[in-house]
Structures are given as C-alpha cells and as structure tokens.
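**Q** I'd like to ask you about the structure that follows.
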Amino acid sequence: MVTELDKMRNRVFCISWVLLCCCWSTRGEIFTSIGQMTDLIHTEKELVHSLREYIKAEESKLAAVKSWASKLDALTRLSTSDPEGYLAHPVNAYKLMKRLNTEWSELESLVLQNPSDGFIGNISVHRQYFPDAEDETGAAKALMRLQDTYQLDSEAFSKGKLPGVHSNAVLTVDDCFDMGKTAYNDADYYHAVLWFQQALKQLDDGEEAVVTKAEILDYLSYSVYQMGDIPRAIELTRRLVAVDPSHERAGGNLRYFERLLSKQLNEMNQAYQPASEEPIQLGTYTRPKDHLPERESYEALCRGEGLQMTEARRSRLFCRYQDGRGNPRLLLKPMKEEDEWDSPHIVRYLEMLSDEEIEKIKELAKPRLARATVRDPKTGVLTTANYRVSKSAWLEGEEDPVIERVNQRIEDITGLTVQTAELLQVANYGVGGQYEPHFDFSRRPFDISLKVDGNRLATFLNYMSDVEAGGATVFPDFGAAIWPRKGTSVFWYNLFRSGEGDYRTRHAACPVLVGSKWVSNKWIHERGQEFRRPCGLTEVD
C-alpha cells in the first residue's frame with residue numbers, strides 16, 4: 001500500500017530529477033567561461049533553498065493529514081463498535097453529518113494542495129539561464145582534452161587527483177559511464193575505452209551504480225573492437241555473456257569477433273595469443289592523429305616539457321625600465337620590462353594592470369561574454385571552432401575611463417598608435433578552455449577591414465588572473481612557454497618590418513587545468529605606424 005509519505009518521497013525525487021535535468025537546458029556553451037559559471041553556483045544554491053522550503057511545506061501538510069487520520073481512526077473505532085448506540089446520541093449524529101459535509105471536504109482540499117508550485121515556478125524563472133545538452137557534452141569533451149594534454153589517466157580524474165590539487169570532487173561509476181558514452185556517440189572510441197574501463201573498474205571495486213555491468217561491458221567490448229584489439233574484445237564479450245546470457249547482441253558479437261580473429265591469424269600464419277591481462281589505461285592504445293601537425297610538441301610545452309630555454313639563450317635575456325622612449329607619462333614611473341625570449345623578441349611588463357583596473361574590466365565584460373569566434377580561412381566569415389574554447393567580449397575606450405587609460409598605457413609603452421587597433425578584447429577560459437596553435441596575423445587575401453587598417457602588426461596580451469594549473473601561452477615553433485601572472489602583460493610583433501608575417505609567432509593558449517583564466521588583449525594594426533616602426537631593408541628585418 002502506497003502511503004502519503006511514499007507519495008511525498010516520490011514527488012521530491014521527481015522534482016529533484018527535474019532540477020538535475022534542468023541544470024543543462026540553455027543555449028550558449030556556458031562551460032567555456034568560469035565567469036559565467038559562477039552565476040550558476042549561486043542559482044543552484046537558491047534552487048536548493050527553494051527545494052528545502054518545498055520539503056518543509058510537504059512535511060507540514062503530511063503532519064496535518066496524519067493528525068486528521070489519527071483523530072478519525074479513534075472516532076471510527078468507537079462508532080463501528082456499536083453504530084446504533086453511537087448514533088443514538090444526538091451530538092454524535094450531528095458531528096457525523098458535520099464531518100462528512102464539511103470536515104472531509106476540508107481534508108480533501110488539504111490533500112489537493114500542491115506545495116511544489118512555488119518550487120517549479122522558481123525553476124522556470126531560472127531555466128533560461130541553464131546550460132543545455134550541448135554544454136554538458138562540451139564539458140565532457142573538455143575533460144578529455146585535459147586528459148590528453150596533461151597525460152592524466154581516467155582514474156586521476158575520477159578520484160579528483162589533479163597535479164598539485166587536493167579535492168573531494170570525484171566521478172562516480174555513472175559519471176564515468178556517461179563520459180564514455182559522450183565519446184562513443186562521437187565515434188571517439190579511444191576516449192570511450194578509457195572511461196568505460198574506469199566505470200567497470202569502480203563497479204568491480206564495489207561502488208554502487210545505476211548502470212549495470214552488462215551495459216558497461218557491452219559498450220566497452222565494442223569500443224575495444226573499434227580500436228582493433230579483437231582478442232580483448234573477445235575476452236570482454238565472454239564476460240558479458242557470463243553476466244547476462246540472454247543479452248540480445250553478446251552471442252552474435254562473440255561469434256563474429258572469433259571468426260574475424262581466426263581469419264586474421266590464418267592470413268598472418270600466427271598462433272592465437274590470449275588478450276593481455278593488464279587493465280586498459282592511458283597508453284594502452286595509440287591516440288588517433290588529428291588536424292594539428294604540432295599536436296605533440298604543443299601539448300608537451302603545455303606540460304612544461306620540451307622547453308628550448310638553454311643557458312646560452314638565457315644569458316641574452318635582460319630586465320630593464322621602459323620609459324617609452326622618453327614618454328612624459330612614463331618618465332616618473334617607468335614600466336618594468338623583462339625579456340621572455342630573444343628571437344622573436346617577446347617581453348613581459350610587470351605591474352601593467354592594477355587589481356582595481358582588472359576588476360573593472362571584468363565587471364564591464366561579464367554581461368557581454370559570448371563564445372569566441374575565429375575567421376574561416378575559406379569564407380572569411382566569423383564562426384565558432386572547437387580549437388578555440390573561451391568566452392570573449394569587446395570593450396571600447398569611451399565606455400569607461402579605465403579602458404581609455406589602459407589603451408593609452410599600451411600606446412605609451414609600445415610607442416605604437418592604438419587609433420587603428422582593434423577594441424580591447426576580454427576573454428575568460430572555463431573548463432578546459434584553450435586556443436590551439438594559430439597566427440594572430442591574417443594571411444592573404446585580406447578581408448575588407450584589413451585593407452583599411454592593415455594587418456595585425458603586434459599583440460599586447462594582459463594576464464588578469466593567476467592560474468592554478470595549466471593555461472600557459474606557448475610557441476611550438478621555437479619551444480617557449482609563458483605562464484600567466486596576474487597584472488603582467490606580454491608583447492610581441494607578428495610581422496617583420498617588411499610587413500611579411502613572422503610564422504615563428506604561431507602560438508597557443510593551453511587548456512586551463514585548474515582555475516579560471518582571464519586575459520585581455522589589444523591587436524595593434526599596421527596603419528599609423530609608418531614612422532613609429534619604419535620598414536626594414538630586407539624581408540625579415
């Protein structure tokens with residue numbers, strides 16, 4: 001028999017499920033910006049408070065119903081013991097009429113009350129700001145991107161063991177299985193295998209889960225087959241048959257895998273070798289190649305490996321005070337300048353932005369953050385791309401004195417006019433946020449705006465936050481890595497004095513492993529610099 005308490009629990013469960021499902025139901029890839037995701041934290045807290053209020057209302061309602069039930073239970077025991085004797089008393093007769101006509105109606109109204117209306121209404125108000133399924137998929141892929149770049153196995157993630165970070169954030173069996181399904185649905189069997197294997201391991205270790213062992217083995221065996229490991233696919237399918245003999249696909253798959261392996265062995269004239277008993281882990285299978293030729297060197301630099309900073313090169317790097325060639329605004333307080341690299345010359349400016357300026361820039365940018373775009377090299381149209389994952393906003397100097405002051409400071413330091421420069425771009429990198437190797441300058445043919453103001457001559461990049469792990473700016477061509485330091489800025493030229501692009505400046509923003517990365521940058525164009533940075537005598541001056 002279903003009790004009122006059971007009904008209440010079921011209703012709480014259903015509403016909790018609505019809350020969980022709704023947490024991924026908006027448009028705009030919120031995961032790309034930590035700045036916007038912090039708003040979701042506060043929203044979720046408000047919804048939890050609303051859920052608690054709903055539970056209190058349900059408990060109050062149930063207590064009232066229980067009170068009614070206890071009172072009526074005592075009355076009916078008395079009345080049913082001697083109905084005629086009970087009704088012989090006129091007061092009892094009156095109260096029976098009253099109860100059935102009035103009080104039971106009141107009880108009916110009480111039971112029909114729905115305390116969930118306020119909670120559901122609160123969710124409806126916030127739903128428009130929630131992430132959607134695309135955001136959830138993007139966040140899962142971001143974890144896989146971090147896994148690849150920083151060579152972290154699935155167990156490290158599932159246990160919250162990230163480099164230099166101690167956290168209670170863990171992934172359950174069901175979380176790992178969902179990660180695997182995200183990769184599987186994208187035909188990314190390399191990552192699918194890693195996450196299904198981790199789900200299976202945690203389930204074998206006794207962790208409770210909604211997903212069954214048969215489901216995991218079904219997906220894992222097929223993913224392993226897609227990776228070309230037929231002996232292991234056979235072993236996993238045999239486990240599946242043992243767990244679920246009536247499985248609709250297992251028997252057929254097993255026979256198919258066995259025939260396929262037998263055929264391969266006959267063609268290669270080899271004897272059968274049982275599957276390896278070593279568990280599948282990072283490195284068991286070769287990661288498929290992708291579109292990026294310098295993938296390995298780029299990711300190695302992100303990990304702090306493969307740096308080409310030799311002692312000879314280090315001896316050519318210096319620090320100095322920079323007064324902008326006698327700029328009046330820098331004479332009394334020159335900028336501290338440090339060489340980061342000798343050729344191409346990259347410098348870092350210390351104390352470029354104050355904490356107050358950084359907070360104002362972030363405050364202005366937050367409401368406008370939108371998925372960062374890149375220009376399609378074939379069509380020239382701005383579009384989003386998987387190799388650039390961040391949110392950005394553009395700020396004009398006229399909007400606030402702080403923006404005008406920062407623009408002026410950039411002009412004073414570099415000696416280049418910012419009249420033809422692009423607006424100050426502010427970017428926030430969220431979970432796995434990155435920008436894979438790219439050039440800041442445009443390669444011909446130029447679009448209309450470049451024909452007016454020229455190409456991107458130089459890049460001035462402001463770091464507006466420290467990053468706990470990851471997030472370096474790396475240059476794969478010559479093996480440099482520059483790490484974010486809040487309040488500092490780096491500067492380099494993208495073009496030679498001849499106007500030709502310096503292809504050595506191909507660079508990348510490494511994925512953020514832990515933390516939130518805020519940057520702003522100013523792309524300075526060629527027009528107006530004719531006497532500030534004159535042409536050289538050769539193409540590569």
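If you're wondering about the labels, chains in the structure tokens are A, B, ... by order shown, residues count from 1 in each chain, ligands from 1 in order shown.
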As a ChimeraX atom specification, please: every residue in stretch 122-256 of chain A that DSSP puts in strand (DSSP E or B).
**A** /A:161-162,165-166
**Q** Near A:Cys302, within 7 Å and counting only C-alpha atoms, which residues show up once chain neighbours fewer than 5 positions away are dropped, as a list of chain:residue names?
**A**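 Result of the neighbour search: A:Gly470, A:Ala472, A:Val474, A:Cys510.
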**Q** How would the residues just picked look written out with all heavy atoms as a PDB file, in the first residue's frame?
**A**
```pdb
ATOM      1  N   GLY A 470      47.975  24.806 -15.566  1.00  0.00           N
ATOM      2  CA  GLY A 470      47.692  24.933 -16.993  1.00  0.00           C
ATOM      3  C   GLY A 470      47.587  26.382 -17.411  1.00  0.00           C
ATOM      4  O   GLY A 470      47.922  27.308 -16.671  1.00  0.00           O
ATOM      5  N   ALA A 472      49.116  28.067 -19.938  1.00  0.00           N
ATOM      6  CA  ALA A 472      50.286  28.790 -20.447  1.00  0.00           C
ATOM      7  C   ALA A 472      50.053  29.263 -21.886  1.00  0.00           C
ATOM      8  O   ALA A 472      49.219  28.716 -22.606  1.00  0.00           O
ATOM      9  CB  ALA A 472      51.522  27.898 -20.393  1.00  0.00           C
ATOM     10  N   VAL A 474      52.000  29.234 -25.282  1.00  0.00           N
ATOM     11  CA  VAL A 474      53.165  28.502 -25.786  1.00  0.00           C
ATOM     12  C   VAL A 474      53.381  28.801 -27.264  1.00  0.00           C
ATOM     13  O   VAL A 474      52.441  29.093 -28.005  1.00  0.00           O
ATOM     14  CB  VAL A 474      53.021  26.980 -25.565  1.00  0.00           C
ATOM     15  CG1 VAL A 474      52.917  26.664 -24.075  1.00  0.00           C
ATOM     16  CG2 VAL A 474      51.813  26.411 -26.305  1.00  0.00           C
ATOM     17  N   CYS A 510      47.153  27.245 -23.789  1.00  0.00           N
ATOM     18  CA  CYS A 510      46.982  25.877 -23.300  1.00  0.00           C
ATOM     19  C   CYS A 510      45.688  25.742 -22.493  1.00  0.00           C
ATOM     20  O   CYS A 510      45.239  26.703 -21.851  1.00  0.00           O
ATOM     21  CB  CYS A 510      48.161  25.471 -22.415  1.00  0.00           C
ATOM     22  SG  CYS A 510      49.725  25.372 -23.298  1.00  0.00           S
TER      23      CYS A 510
END
```
**Q** Just the residues within 12 Å of A:Gly304, please, counting only C-alpha atoms, with nothing from its chain fewer than 6 positions along; format it as a ChimeraX atom specification.
**A** /A:149-150,297-298,469-476,479-483,510
**Q** Find the residues near stretch 255-264 of chain A: any atom within 7 Å, counting only C-alpha atoms, skip ones fewer than 3 places away on the same chain, and give them as a list of chain:residue names.
**A**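 Contacts, in chain order: A:Ile230, A:Ile234, A:Gly251, A:Gly252, A:Glu267, A:Met268.
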**Q** Would you mind listing what lies within 8 Å of stretch 104-120 of chain A as a list in words, with only C-alpha atoms counted and same-chain residues fewer than 5 positions away left out?
**A**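 Listing them by chain and then by number gives Ile15, Leu47, Ser50, Leu51, Tyr54, Ala57, Glu58, Lys61, Val65, Trp68 and Arg99 of chain A.
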**Q** Compile the contact shell of stretch 392-396 of chain A as an MDAnalysis selection string: residues with an atom at most 10 Å away, counting only C-alpha atoms, same-chain residues fewer than 4 positions apart removed.
**A** chainID A and resid 32:33 361:362 364:373 400 403:404 407 422:429 518:521
**Q** Nearest to A:Val490: which of A:Thr414, A:Gln419, A:Gln147, A:Asn266 is it, counting only C-alpha atoms?
**A** A:Thr414
**Q** Give me the residues within 7 Å of A:Gln529 as a list of chain:residue names, counting only C-alpha atoms and dropping any in the same chain fewer than 4 places off.
**A**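 Residues meeting the cut-off are A:Leu416, A:Thr417, A:Arg533.
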**Q** May I have a table of the residues of stretch 49-149 of chain A lying at most 9 Å from stretch 180-200 of chain A, giving each one's closest pair of atoms and their distance in Å to one decimal, counting only C-alpha atoms, ordered by chain and ascending residue number, as JSON lines?
**A**
```
{"residue": "A:Thr137", "atom": "CA", "partner": "A:Thr182", "partner_atom": "CA", "distance": 6.5}
{"residue": "A:Ala140", "atom": "CA", "partner": "A:Thr182", "partner_atom": "CA", "distance": 7.1}
{"residue": "A:Lys141", "atom": "CA", "partner": "A:Ala183", "partner_atom": "CA", "distance": 7.7}
{"residue": "A:Met144", "atom": "CA", "partner": "A:His191", "partner_atom": "CA", "distance": 7.2}
```
**Q** Residues of stretch 339-445 of chain A classed as helix (DSSP H, G or I) by DSSP on the backbone are to be reported as an MDAnalysis selection string.
**A** chainID A and resid 355:368 397:399 401:414
